[in-house]
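The next block is work.cif, given as mmCIF, N, CA and C atoms.
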```
data_work
#
loop_
_atom_site.label_atom_id
_atom_site.label_comp_id
_atom_site.auth_asym_id
_atom_site.auth_seq_id
_atom_site.Cartn_x
_atom_site.Cartn_y
_atom_site.Cartn_z
N MET A 718 -1.37 17.90 -86.64
CA MET A 718 -2.05 16.97 -85.76
C MET A 718 -2.60 15.78 -86.56
N VAL A 719 -3.17 16.06 -87.73
CA VAL A 719 -3.73 15.00 -88.57
C VAL A 719 -2.62 14.05 -89.01
N VAL A 720 -1.48 14.60 -89.37
CA VAL A 720 -0.34 13.78 -89.81
C VAL A 720 0.12 12.87 -88.66
N LEU A 721 0.14 13.39 -87.45
CA LEU A 721 0.53 12.61 -86.28
C LEU A 721 -0.43 11.44 -86.06
N VAL A 722 -1.72 11.69 -86.14
CA VAL A 722 -2.72 10.63 -85.95
C VAL A 722 -2.60 9.58 -87.05
N ILE A 723 -2.42 10.00 -88.28
CA ILE A 723 -2.25 9.05 -89.39
C ILE A 723 -0.98 8.23 -89.19
N GLY A 724 0.09 8.88 -88.74
CA GLY A 724 1.34 8.16 -88.49
C GLY A 724 1.19 7.12 -87.39
N LEU A 725 0.51 7.48 -86.31
CA LEU A 725 0.27 6.50 -85.22
C LEU A 725 -0.59 5.34 -85.70
N ALA A 726 -1.64 5.63 -86.44
CA ALA A 726 -2.51 4.56 -86.96
C ALA A 726 -1.73 3.64 -87.89
N ALA A 727 -0.91 4.21 -88.75
CA ALA A 727 -0.11 3.39 -89.68
C ALA A 727 0.88 2.53 -88.91
N GLY A 728 1.47 3.08 -87.87
CA GLY A 728 2.40 2.30 -87.04
C GLY A 728 1.72 1.13 -86.36
N LEU A 729 0.52 1.34 -85.85
CA LEU A 729 -0.22 0.25 -85.21
C LEU A 729 -0.61 -0.83 -86.20
N VAL A 730 -1.04 -0.43 -87.39
CA VAL A 730 -1.39 -1.39 -88.43
C VAL A 730 -0.16 -2.19 -88.83
N TYR A 731 0.97 -1.53 -89.01
CA TYR A 731 2.21 -2.22 -89.40
C TYR A 731 2.63 -3.20 -88.31
N ALA A 732 2.53 -2.80 -87.05
CA ALA A 732 2.92 -3.70 -85.95
C ALA A 732 2.05 -4.95 -85.95
N ARG A 733 0.78 -4.83 -86.23
CA ARG A 733 -0.12 -5.99 -86.23
C ARG A 733 0.15 -6.87 -87.46
N VAL A 734 0.41 -6.26 -88.62
CA VAL A 734 0.71 -7.02 -89.83
C VAL A 734 2.03 -7.75 -89.66
N ASP A 735 2.94 -7.14 -88.91
CA ASP A 735 4.27 -7.71 -88.70
C ASP A 735 4.25 -8.85 -87.67
N ALA A 736 3.12 -9.12 -87.03
CA ALA A 736 3.03 -10.19 -86.04
C ALA A 736 3.40 -11.52 -86.70
N ASP A 737 4.15 -12.34 -86.00
CA ASP A 737 4.64 -13.60 -86.54
C ASP A 737 4.21 -14.74 -85.61
N PRO A 738 3.15 -15.48 -85.97
CA PRO A 738 2.68 -16.56 -85.10
C PRO A 738 3.76 -17.62 -84.84
N ARG A 739 4.62 -17.87 -85.79
CA ARG A 739 5.70 -18.84 -85.59
C ARG A 739 6.64 -18.37 -84.49
N ARG A 740 6.99 -17.11 -84.54
CA ARG A 740 7.87 -16.53 -83.53
C ARG A 740 7.20 -16.54 -82.15
N ASP A 741 5.88 -16.30 -82.12
CA ASP A 741 5.16 -16.33 -80.84
C ASP A 741 5.23 -17.72 -80.22
N VAL A 742 5.01 -18.77 -81.02
CA VAL A 742 5.07 -20.14 -80.52
C VAL A 742 6.49 -20.46 -80.04
N GLU A 743 7.47 -20.06 -80.83
CA GLU A 743 8.87 -20.33 -80.46
C GLU A 743 9.25 -19.61 -79.16
N ARG A 744 8.86 -18.35 -79.01
CA ARG A 744 9.17 -17.59 -77.80
C ARG A 744 8.49 -18.20 -76.57
N GLU A 745 7.23 -18.57 -76.71
CA GLU A 745 6.52 -19.18 -75.58
C GLU A 745 7.13 -20.54 -75.23
N ALA A 746 7.55 -21.30 -76.22
CA ALA A 746 8.17 -22.60 -75.96
C ALA A 746 9.48 -22.43 -75.19
N ARG A 747 10.29 -21.47 -75.58
CA ARG A 747 11.55 -21.23 -74.86
C ARG A 747 11.29 -20.79 -73.43
N ARG A 748 10.31 -19.91 -73.24
CA ARG A 748 9.98 -19.43 -71.90
C ARG A 748 9.49 -20.58 -71.03
N LEU A 749 8.60 -21.39 -71.57
CA LEU A 749 8.07 -22.52 -70.80
C LEU A 749 9.15 -23.57 -70.55
N GLY A 750 9.99 -23.85 -71.53
CA GLY A 750 11.07 -24.81 -71.34
C GLY A 750 12.00 -24.41 -70.21
N ALA A 751 12.36 -23.14 -70.14
CA ALA A 751 13.22 -22.66 -69.06
C ALA A 751 12.52 -22.78 -67.72
N ALA A 752 11.23 -22.46 -67.69
CA ALA A 752 10.48 -22.57 -66.43
C ALA A 752 10.38 -24.03 -65.98
N MET A 753 10.24 -24.96 -66.93
CA MET A 753 10.14 -26.38 -66.58
C MET A 753 11.46 -26.89 -65.99
N GLU A 754 12.58 -26.50 -66.55
CA GLU A 754 13.86 -26.90 -65.97
C GLU A 754 14.05 -26.26 -64.59
N HIS A 755 13.60 -25.03 -64.45
CA HIS A 755 13.70 -24.33 -63.16
C HIS A 755 12.85 -25.02 -62.08
N VAL A 756 11.62 -25.38 -62.41
CA VAL A 756 10.76 -26.00 -61.41
C VAL A 756 11.30 -27.37 -60.98
N ALA A 757 11.90 -28.12 -61.90
CA ALA A 757 12.49 -29.41 -61.54
C ALA A 757 13.65 -29.22 -60.57
N ALA A 758 14.50 -28.23 -60.84
CA ALA A 758 15.63 -27.95 -59.94
C ALA A 758 15.14 -27.42 -58.59
N LEU A 759 14.11 -26.60 -58.60
CA LEU A 759 13.56 -26.05 -57.36
C LEU A 759 12.94 -27.14 -56.50
N ALA A 760 12.29 -28.11 -57.10
CA ALA A 760 11.72 -29.23 -56.34
C ALA A 760 12.82 -29.96 -55.57
N GLN A 761 13.96 -30.16 -56.21
CA GLN A 761 15.08 -30.81 -55.53
C GLN A 761 15.65 -29.92 -54.44
N TRP A 762 15.87 -28.67 -54.76
CA TRP A 762 16.47 -27.74 -53.81
C TRP A 762 15.61 -27.58 -52.56
N ARG A 763 14.29 -27.48 -52.75
CA ARG A 763 13.37 -27.33 -51.61
C ARG A 763 12.98 -28.66 -50.98
N ASN A 764 13.34 -29.77 -51.64
CA ASN A 764 12.92 -31.09 -51.19
C ASN A 764 11.40 -31.12 -51.02
N GLN A 765 10.72 -30.67 -52.08
CA GLN A 765 9.26 -30.55 -52.05
C GLN A 765 8.70 -30.91 -53.42
N ALA A 766 7.58 -31.62 -53.43
CA ALA A 766 6.91 -31.95 -54.69
C ALA A 766 6.28 -30.68 -55.26
N LEU A 767 6.62 -30.38 -56.51
CA LEU A 767 6.05 -29.24 -57.22
C LEU A 767 5.36 -29.77 -58.47
N GLY A 768 4.57 -28.94 -59.11
CA GLY A 768 3.86 -29.38 -60.30
C GLY A 768 3.56 -28.24 -61.25
N MET A 769 3.08 -28.60 -62.43
CA MET A 769 2.72 -27.64 -63.47
C MET A 769 1.41 -28.07 -64.12
N SER A 770 0.57 -27.12 -64.44
CA SER A 770 -0.65 -27.42 -65.18
C SER A 770 -0.80 -26.41 -66.31
N ALA A 771 -1.48 -26.82 -67.36
CA ALA A 771 -1.75 -25.95 -68.50
C ALA A 771 -3.24 -26.01 -68.80
N ASP A 772 -3.84 -24.85 -69.01
CA ASP A 772 -5.27 -24.82 -69.28
C ASP A 772 -5.60 -24.32 -70.68
N GLY A 773 -4.65 -24.39 -71.57
CA GLY A 773 -4.87 -23.92 -72.93
C GLY A 773 -4.37 -22.50 -73.10
N ALA A 774 -4.96 -21.55 -72.40
CA ALA A 774 -4.60 -20.15 -72.56
C ALA A 774 -3.41 -19.74 -71.71
N GLY A 775 -2.97 -20.62 -70.83
CA GLY A 775 -1.84 -20.28 -69.96
C GLY A 775 -1.40 -21.49 -69.16
N TYR A 776 -0.48 -21.26 -68.25
CA TYR A 776 -0.01 -22.32 -67.38
C TYR A 776 0.35 -21.74 -66.02
N ARG A 777 0.41 -22.62 -65.03
CA ARG A 777 0.79 -22.20 -63.69
C ARG A 777 1.52 -23.34 -63.00
N PHE A 778 2.17 -23.00 -61.90
CA PHE A 778 2.95 -23.96 -61.14
C PHE A 778 2.35 -24.11 -59.75
N TRP A 779 2.57 -25.29 -59.17
CA TRP A 779 1.94 -25.69 -57.91
C TRP A 779 2.96 -26.29 -56.96
N ARG A 780 2.60 -26.32 -55.69
CA ARG A 780 3.35 -27.09 -54.71
C ARG A 780 2.38 -28.03 -54.02
N ARG A 781 2.89 -29.21 -53.67
CA ARG A 781 2.05 -30.23 -53.02
C ARG A 781 2.05 -29.95 -51.52
N GLU A 782 0.86 -29.87 -50.95
CA GLU A 782 0.70 -29.58 -49.53
C GLU A 782 -0.04 -30.74 -48.87
N THR A 783 0.50 -31.20 -47.76
CA THR A 783 -0.15 -32.28 -47.01
C THR A 783 -0.80 -31.68 -45.77
N THR A 784 -2.09 -31.93 -45.62
CA THR A 784 -2.85 -31.45 -44.47
C THR A 784 -3.57 -32.63 -43.83
N ILE A 785 -4.27 -32.37 -42.78
CA ILE A 785 -5.06 -33.41 -42.12
C ILE A 785 -6.10 -33.98 -43.07
N GLU A 786 -6.65 -33.12 -43.92
CA GLU A 786 -7.67 -33.55 -44.89
C GLU A 786 -7.08 -34.36 -46.03
N GLY A 787 -5.77 -34.31 -46.21
CA GLY A 787 -5.13 -35.05 -47.30
C GLY A 787 -4.20 -34.16 -48.11
N ASP A 788 -3.72 -34.70 -49.21
CA ASP A 788 -2.82 -33.95 -50.09
C ASP A 788 -3.62 -33.08 -51.04
N ARG A 789 -3.05 -31.93 -51.37
CA ARG A 789 -3.68 -31.05 -52.37
C ARG A 789 -2.61 -30.19 -53.01
N TRP A 790 -2.91 -29.71 -54.22
CA TRP A 790 -2.02 -28.81 -54.93
C TRP A 790 -2.41 -27.38 -54.62
N VAL A 791 -1.42 -26.56 -54.26
CA VAL A 791 -1.62 -25.16 -53.92
C VAL A 791 -0.81 -24.31 -54.90
N PRO A 792 -1.39 -23.23 -55.44
CA PRO A 792 -0.63 -22.41 -56.39
C PRO A 792 0.69 -21.92 -55.79
N LEU A 793 1.74 -21.99 -56.57
CA LEU A 793 3.06 -21.52 -56.16
C LEU A 793 3.09 -20.01 -56.37
N ALA A 794 3.38 -19.26 -55.31
CA ALA A 794 3.31 -17.81 -55.42
C ALA A 794 4.59 -17.11 -54.99
N ASP A 795 5.63 -17.85 -54.66
CA ASP A 795 6.83 -17.21 -54.12
C ASP A 795 8.03 -17.25 -55.06
N ASP A 796 7.80 -17.39 -56.36
CA ASP A 796 8.88 -17.44 -57.33
C ASP A 796 8.43 -16.73 -58.60
N ASP A 797 9.10 -15.65 -58.98
CA ASP A 797 8.70 -14.85 -60.14
C ASP A 797 8.72 -15.65 -61.44
N VAL A 798 9.71 -16.53 -61.61
CA VAL A 798 9.81 -17.33 -62.83
C VAL A 798 8.62 -18.26 -62.95
N LEU A 799 8.10 -18.72 -61.81
CA LEU A 799 7.03 -19.71 -61.81
C LEU A 799 5.66 -19.12 -61.50
N SER A 800 5.51 -17.82 -61.68
CA SER A 800 4.18 -17.24 -61.48
C SER A 800 3.28 -17.66 -62.64
N ALA A 801 1.98 -17.58 -62.42
CA ALA A 801 1.03 -17.95 -63.48
C ALA A 801 1.32 -17.12 -64.72
N HIS A 802 1.22 -17.75 -65.89
CA HIS A 802 1.58 -17.08 -67.14
C HIS A 802 0.47 -17.26 -68.17
N ALA A 803 -0.04 -16.14 -68.68
CA ALA A 803 -1.00 -16.17 -69.79
C ALA A 803 -0.21 -16.16 -71.09
N LEU A 804 -0.52 -17.10 -71.97
CA LEU A 804 0.18 -17.19 -73.25
C LEU A 804 -0.22 -16.07 -74.19
N THR A 805 0.64 -15.81 -75.16
CA THR A 805 0.34 -14.83 -76.20
C THR A 805 -0.98 -15.22 -76.87
N ALA A 806 -1.79 -14.23 -77.19
CA ALA A 806 -3.07 -14.50 -77.85
C ALA A 806 -2.86 -15.37 -79.07
N GLY A 807 -3.67 -16.41 -79.20
CA GLY A 807 -3.58 -17.31 -80.34
C GLY A 807 -2.69 -18.52 -80.10
N VAL A 808 -1.97 -18.55 -78.98
CA VAL A 808 -1.11 -19.69 -78.64
C VAL A 808 -1.76 -20.44 -77.48
N SER A 809 -1.75 -21.77 -77.56
CA SER A 809 -2.30 -22.58 -76.48
C SER A 809 -1.28 -23.65 -76.07
N ALA A 810 -1.42 -24.13 -74.85
CA ALA A 810 -0.52 -25.16 -74.32
C ALA A 810 -1.34 -26.25 -73.66
N ARG A 811 -0.83 -27.49 -73.78
CA ARG A 811 -1.46 -28.61 -73.08
C ARG A 811 -0.41 -29.67 -72.81
N ILE A 812 -0.58 -30.37 -71.70
CA ILE A 812 0.31 -31.48 -71.38
C ILE A 812 -0.15 -32.64 -72.25
N ALA A 813 0.72 -33.10 -73.14
CA ALA A 813 0.35 -34.14 -74.10
C ALA A 813 0.54 -35.53 -73.52
N SER A 814 1.63 -35.74 -72.76
CA SER A 814 1.86 -37.07 -72.19
C SER A 814 2.75 -36.97 -70.97
N TYR A 815 2.63 -37.99 -70.13
CA TYR A 815 3.45 -38.13 -68.93
C TYR A 815 3.74 -39.62 -68.78
N ALA A 816 5.00 -39.97 -68.70
CA ALA A 816 5.42 -41.38 -68.60
C ALA A 816 4.88 -42.19 -69.77
N GLY A 817 4.81 -41.57 -70.94
CA GLY A 817 4.37 -42.26 -72.14
C GLY A 817 2.86 -42.44 -72.25
N GLN A 818 2.10 -41.88 -71.34
CA GLN A 818 0.64 -42.01 -71.35
C GLN A 818 -0.02 -40.64 -71.53
N GLY A 819 -1.20 -40.65 -72.13
CA GLY A 819 -1.98 -39.42 -72.24
C GLY A 819 -2.43 -38.97 -70.87
N VAL A 820 -2.73 -37.70 -70.73
CA VAL A 820 -3.16 -37.16 -69.44
C VAL A 820 -4.45 -36.37 -69.60
N ALA A 821 -5.18 -36.24 -68.51
CA ALA A 821 -6.42 -35.46 -68.50
C ALA A 821 -6.08 -33.98 -68.65
N ALA A 822 -7.02 -33.22 -69.17
CA ALA A 822 -6.80 -31.80 -69.42
C ALA A 822 -6.49 -31.03 -68.15
N ASP A 823 -7.03 -31.47 -67.01
CA ASP A 823 -6.82 -30.74 -65.76
C ASP A 823 -5.71 -31.36 -64.89
N ALA A 824 -4.86 -32.19 -65.48
CA ALA A 824 -3.80 -32.87 -64.72
C ALA A 824 -2.71 -31.89 -64.30
N VAL A 825 -2.07 -32.23 -63.18
CA VAL A 825 -0.89 -31.50 -62.73
C VAL A 825 0.31 -32.40 -62.98
N LEU A 826 1.25 -31.90 -63.72
CA LEU A 826 2.48 -32.63 -64.04
C LEU A 826 3.41 -32.53 -62.83
N PRO A 827 3.72 -33.66 -62.16
CA PRO A 827 4.49 -33.58 -60.91
C PRO A 827 6.01 -33.57 -61.13
N PHE A 828 6.70 -32.92 -60.22
CA PHE A 828 8.16 -32.92 -60.16
C PHE A 828 8.56 -33.37 -58.77
N ALA A 829 9.28 -34.49 -58.72
CA ALA A 829 9.63 -35.12 -57.45
C ALA A 829 10.84 -34.44 -56.79
N PRO A 830 10.87 -34.42 -55.46
CA PRO A 830 12.02 -33.88 -54.76
C PRO A 830 13.32 -34.64 -55.05
N SER A 831 13.20 -35.89 -55.43
CA SER A 831 14.38 -36.71 -55.72
C SER A 831 15.09 -36.25 -57.00
N GLY A 832 14.39 -35.51 -57.87
CA GLY A 832 14.97 -35.08 -59.13
C GLY A 832 14.77 -36.08 -60.25
N ARG A 833 14.29 -37.27 -59.93
CA ARG A 833 14.04 -38.30 -60.93
C ARG A 833 12.57 -38.22 -61.33
N ASN A 834 12.33 -37.74 -62.52
CA ASN A 834 10.96 -37.54 -63.00
C ASN A 834 10.71 -38.34 -64.26
N GLU A 835 9.47 -38.63 -64.49
CA GLU A 835 9.07 -39.34 -65.70
C GLU A 835 9.17 -38.41 -66.91
N PRO A 836 9.47 -38.96 -68.08
CA PRO A 836 9.48 -38.12 -69.29
C PRO A 836 8.07 -37.56 -69.55
N TYR A 837 8.02 -36.39 -70.14
CA TYR A 837 6.74 -35.78 -70.47
C TYR A 837 6.86 -35.00 -71.77
N ALA A 838 5.71 -34.66 -72.33
CA ALA A 838 5.65 -33.83 -73.53
C ALA A 838 4.56 -32.78 -73.35
N ILE A 839 4.87 -31.57 -73.75
CA ILE A 839 3.91 -30.47 -73.71
C ILE A 839 3.81 -29.91 -75.12
N GLU A 840 2.59 -29.71 -75.59
CA GLU A 840 2.35 -29.15 -76.92
C GLU A 840 2.02 -27.67 -76.82
N LEU A 841 2.62 -26.90 -77.70
CA LEU A 841 2.26 -25.49 -77.87
C LEU A 841 1.75 -25.35 -79.30
N ASP A 842 0.59 -24.75 -79.45
CA ASP A 842 -0.05 -24.64 -80.76
C ASP A 842 -0.56 -23.23 -81.02
N SER A 843 -0.57 -22.90 -82.28
CA SER A 843 -1.32 -21.74 -82.76
C SER A 843 -2.12 -22.24 -83.96
N ALA A 844 -2.82 -21.37 -84.61
CA ALA A 844 -3.63 -21.80 -85.76
C ALA A 844 -2.75 -22.39 -86.87
N GLU A 845 -1.51 -21.90 -86.98
CA GLU A 845 -0.65 -22.33 -88.08
C GLU A 845 0.57 -23.13 -87.66
N TRP A 846 0.98 -23.05 -86.38
CA TRP A 846 2.25 -23.64 -85.95
C TRP A 846 2.07 -24.55 -84.75
N HIS A 847 3.02 -25.47 -84.63
CA HIS A 847 2.98 -26.49 -83.57
C HIS A 847 4.42 -26.73 -83.09
N ALA A 848 4.63 -26.78 -81.78
CA ALA A 848 5.95 -27.11 -81.22
C ALA A 848 5.75 -28.02 -80.02
N LEU A 849 6.76 -28.82 -79.72
CA LEU A 849 6.73 -29.74 -78.58
C LEU A 849 7.88 -29.44 -77.63
N LEU A 850 7.60 -29.57 -76.34
CA LEU A 850 8.63 -29.57 -75.32
C LEU A 850 8.71 -31.02 -74.85
N LEU A 851 9.89 -31.60 -74.94
CA LEU A 851 10.09 -33.00 -74.56
C LEU A 851 11.13 -33.06 -73.45
N ALA A 852 10.79 -33.70 -72.34
CA ALA A 852 11.71 -33.77 -71.21
C ALA A 852 12.10 -35.22 -70.95
N ASP A 853 13.35 -35.41 -70.55
CA ASP A 853 13.84 -36.74 -70.20
C ASP A 853 13.86 -36.90 -68.68
N PRO A 854 14.19 -38.08 -68.17
CA PRO A 854 14.18 -38.30 -66.71
C PRO A 854 15.17 -37.43 -65.94
N LEU A 855 16.15 -36.84 -66.62
CA LEU A 855 17.11 -35.96 -65.94
C LEU A 855 16.69 -34.49 -66.01
N ASN A 856 15.45 -34.27 -66.43
CA ASN A 856 14.84 -32.93 -66.45
C ASN A 856 15.41 -32.01 -67.52
N ARG A 857 16.03 -32.57 -68.53
CA ARG A 857 16.49 -31.77 -69.66
C ARG A 857 15.33 -31.60 -70.63
N VAL A 858 15.06 -30.38 -71.01
CA VAL A 858 13.93 -30.08 -71.89
C VAL A 858 14.46 -29.74 -73.28
N ALA A 859 13.98 -30.48 -74.28
CA ALA A 859 14.29 -30.20 -75.68
C ALA A 859 13.05 -29.60 -76.32
N ILE A 860 13.26 -28.61 -77.16
CA ILE A 860 12.15 -27.94 -77.82
C ILE A 860 12.28 -28.17 -79.32
N THR A 861 11.22 -28.71 -79.93
CA THR A 861 11.24 -28.89 -81.37
C THR A 861 11.00 -27.53 -82.04
N ALA A 862 11.58 -27.36 -83.19
CA ALA A 862 11.34 -26.13 -83.95
C ALA A 862 9.87 -26.09 -84.36
N PRO A 863 9.25 -24.92 -84.31
CA PRO A 863 7.85 -24.85 -84.73
C PRO A 863 7.69 -25.37 -86.16
N SER A 864 6.68 -26.20 -86.35
CA SER A 864 6.40 -26.76 -87.67
C SER A 864 4.97 -26.39 -88.07
N PRO A 865 4.72 -26.30 -89.36
CA PRO A 865 3.35 -25.97 -89.80
C PRO A 865 2.37 -27.06 -89.36
N ARG A 866 1.17 -26.64 -89.07
CA ARG A 866 0.12 -27.59 -88.66
C ARG A 866 -0.43 -28.30 -89.85
#
```

What does this structure look like when you write it as structure tokens?
Amino acid sequence: MVVLVIGLAAGLVYARVDADPRRDVEREARRLGAAMEHVAALAQWRNQALGMSADGAGYRFWRRETTIEGDRWVPLADDDVLSAHALTAGVSARIASYAGQGVAADAVLPFAPSGRNEPYAIELDSAEWHALLLADPLNRVAITAPSPR
């Protein structure tokens, strides 16, 4: 029994030592990049304005709803790929720019039903690594390789 407990403890310690912050940033960037291309295509397919926001620890997707009171963003809940996502511990995300301009921390990055969107950049960071997602007007997302901070 003692050997089993020591083996489990050693396995847990090894798994934590084996953690790779660079790989975490790269994995999250690929996941987010795929979701960004998906949301742009979905906006066209549904003929509906959709959006994305990042709060540092995670990101979520939205749909634009028009009511008597005015327009508002409502969380998107009917697509598994676009469900709210908490980033790996130690990784953060923020929208860095939209149409070449800086954006507020609480901004929603819009995706037009026409499929023609402004270029944007999203930063993914950890304590040691940094990666960018860069999108062009045709909704193609390029991901930079993680680089040291």

Residues matched by the PyMOL selection byres (((chain A and resi 773 and name CA) around 12) and name CA), written as an MDAnalysis selection string: chainID A and resid 770:772 774:777 802:813 822:823 839:843

Computed interatomic separation between atom C of Ala816 in chain A and CA of Asn834 in chain A (Å): 10.2 Å

Residues within 8 Å of Arg780 in chain A, only N, CA and C atoms, excluding chain neighbours under 5 positions, as a list of chain:residue names: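 In the requested form, the answer reads A:Gln765, A:Ala766, A:Leu767, A:Gly768, A:Met769, A:Arg789, A:Trp790, A:Val791, A:Pro792, A:Leu793, A:Ala794.
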
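If you look at CA of Glu845 in chain A and CA of Pro863 in chain A, they are 9.5 Å away from each other.
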
Point-to-point distance from CA of Ala844 in chain A to atom C of Ala862 in chain A, Å rounded to tenths: 14.2 Å

DSSP helix (DSSP H, G or I) residues within range 719-861 of chain A, listed as a PyMOL selection string: chain A and resi 719-734+738-763

Got time to write the residues from that selection, N, CA and C atoms, as a CSV table (one decimal), in the frame of the given file?
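Listing of part_5.csv after writing:
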```csv
chain,number,residue,atom,x,y,z
A,719,VAL,N,-3.2,16.1,-87.7
A,719,VAL,CA,-3.7,15.0,-88.6
A,719,VAL,C,-2.6,14.0,-89.0
A,720,VAL,N,-1.5,14.6,-89.4
A,720,VAL,CA,-0.3,13.8,-89.8
A,720,VAL,C,0.1,12.9,-88.7
A,721,LEU,N,0.1,13.4,-87.4
A,721,LEU,CA,0.5,12.6,-86.3
A,721,LEU,C,-0.4,11.4,-86.1
A,722,VAL,N,-1.7,11.7,-86.1
A,722,VAL,CA,-2.7,10.6,-86.0
A,722,VAL,C,-2.6,9.6,-87.0
A,723,ILE,N,-2.4,10.0,-88.3
A,723,ILE,CA,-2.2,9.0,-89.4
A,723,ILE,C,-1.0,8.2,-89.2
A,724,GLY,N,0.1,8.9,-88.7
A,724,GLY,CA,1.3,8.2,-88.5
A,724,GLY,C,1.2,7.1,-87.4
A,725,LEU,N,0.5,7.5,-86.3
A,725,LEU,CA,0.3,6.5,-85.2
A,725,LEU,C,-0.6,5.3,-85.7
A,726,ALA,N,-1.6,5.6,-86.4
A,726,ALA,CA,-2.5,4.6,-87.0
A,726,ALA,C,-1.7,3.6,-87.9
A,727,ALA,N,-0.9,4.2,-88.8
A,727,ALA,CA,-0.1,3.4,-89.7
A,727,ALA,C,0.9,2.5,-88.9
A,728,GLY,N,1.5,3.1,-87.9
A,728,GLY,CA,2.4,2.3,-87.0
A,728,GLY,C,1.7,1.1,-86.4
A,729,LEU,N,0.5,1.3,-85.8
A,729,LEU,CA,-0.2,0.2,-85.2
A,729,LEU,C,-0.6,-0.8,-86.2
A,730,VAL,N,-1.0,-0.4,-87.4
A,730,VAL,CA,-1.4,-1.4,-88.4
A,730,VAL,C,-0.2,-2.2,-88.8
A,731,TYR,N,1.0,-1.5,-89.0
A,731,TYR,CA,2.2,-2.2,-89.4
A,731,TYR,C,2.6,-3.2,-88.3
A,732,ALA,N,2.5,-2.8,-87.0
A,732,ALA,CA,2.9,-3.7,-86.0
A,732,ALA,C,2.0,-5.0,-86.0
A,733,ARG,N,0.8,-4.8,-86.2
A,733,ARG,CA,-0.1,-6.0,-86.2
A,733,ARG,C,0.2,-6.9,-87.5
A,734,VAL,N,0.4,-6.3,-88.6
A,734,VAL,CA,0.7,-7.0,-89.8
A,734,VAL,C,2.0,-7.8,-89.7
A,738,PRO,N,3.2,-15.5,-86.0
A,738,PRO,CA,2.7,-16.6,-85.1
A,738,PRO,C,3.8,-17.6,-84.8
A,739,ARG,N,4.6,-17.9,-85.8
A,739,ARG,CA,5.7,-18.8,-85.6
A,739,ARG,C,6.6,-18.4,-84.5
A,740,ARG,N,7.0,-17.1,-84.5
A,740,ARG,CA,7.9,-16.5,-83.5
A,740,ARG,C,7.2,-16.5,-82.2
A,741,ASP,N,5.9,-16.3,-82.1
A,741,ASP,CA,5.2,-16.3,-80.8
A,741,ASP,C,5.2,-17.7,-80.2
A,742,VAL,N,5.0,-18.8,-81.0
A,742,VAL,CA,5.1,-20.1,-80.5
A,742,VAL,C,6.5,-20.5,-80.0
A,743,GLU,N,7.5,-20.1,-80.8
A,743,GLU,CA,8.9,-20.3,-80.5
A,743,GLU,C,9.2,-19.6,-79.2
A,744,ARG,N,8.9,-18.4,-79.0
A,744,ARG,CA,9.2,-17.6,-77.8
A,744,ARG,C,8.5,-18.2,-76.6
A,745,GLU,N,7.2,-18.6,-76.7
A,745,GLU,CA,6.5,-19.2,-75.6
A,745,GLU,C,7.1,-20.5,-75.2
A,746,ALA,N,7.6,-21.3,-76.2
A,746,ALA,CA,8.2,-22.6,-76.0
A,746,ALA,C,9.5,-22.4,-75.2
A,747,ARG,N,10.3,-21.5,-75.6
A,747,ARG,CA,11.6,-21.2,-74.9
A,747,ARG,C,11.3,-20.8,-73.4
A,748,ARG,N,10.3,-19.9,-73.2
A,748,ARG,CA,10.0,-19.4,-71.9
A,748,ARG,C,9.5,-20.6,-71.0
A,749,LEU,N,8.6,-21.4,-71.6
A,749,LEU,CA,8.1,-22.5,-70.8
A,749,LEU,C,9.2,-23.6,-70.6
A,750,GLY,N,10.0,-23.8,-71.5
A,750,GLY,CA,11.1,-24.8,-71.3
A,750,GLY,C,12.0,-24.4,-70.2
A,751,ALA,N,12.4,-23.1,-70.1
A,751,ALA,CA,13.2,-22.7,-69.1
A,751,ALA,C,12.5,-22.8,-67.7
A,752,ALA,N,11.2,-22.5,-67.7
A,752,ALA,CA,10.5,-22.6,-66.4
A,752,ALA,C,10.4,-24.0,-66.0
A,753,MET,N,10.2,-25.0,-66.9
A,753,MET,CA,10.1,-26.4,-66.6
A,753,MET,C,11.5,-26.9,-66.0
A,754,GLU,N,12.6,-26.5,-66.6
A,754,GLU,CA,13.9,-26.9,-66.0
A,754,GLU,C,14.0,-26.3,-64.6
A,755,HIS,N,13.6,-25.0,-64.4
A,755,HIS,CA,13.7,-24.3,-63.2
A,755,HIS,C,12.8,-25.0,-62.1
A,756,VAL,N,11.6,-25.4,-62.4
A,756,VAL,CA,10.8,-26.0,-61.4
A,756,VAL,C,11.3,-27.4,-61.0
A,757,ALA,N,11.9,-28.1,-61.9
A,757,ALA,CA,12.5,-29.4,-61.5
A,757,ALA,C,13.6,-29.2,-60.6
A,758,ALA,N,14.5,-28.2,-60.8
A,758,ALA,CA,15.6,-28.0,-59.9
A,758,ALA,C,15.1,-27.4,-58.6
A,759,LEU,N,14.1,-26.6,-58.6
A,759,LEU,CA,13.6,-26.0,-57.4
A,759,LEU,C,12.9,-27.1,-56.5
A,760,ALA,N,12.3,-28.1,-57.1
A,760,ALA,CA,11.7,-29.2,-56.3
A,760,ALA,C,12.8,-30.0,-55.6
A,761,GLN,N,14.0,-30.2,-56.2
A,761,GLN,CA,15.1,-30.8,-55.5
A,761,GLN,C,15.6,-29.9,-54.4
A,762,TRP,N,15.9,-28.7,-54.8
A,762,TRP,CA,16.5,-27.7,-53.8
A,762,TRP,C,15.6,-27.6,-52.6
A,763,ARG,N,14.3,-27.5,-52.8
A,763,ARG,CA,13.4,-27.3,-51.6
A,763,ARG,C,13.0,-28.7,-51.0
```
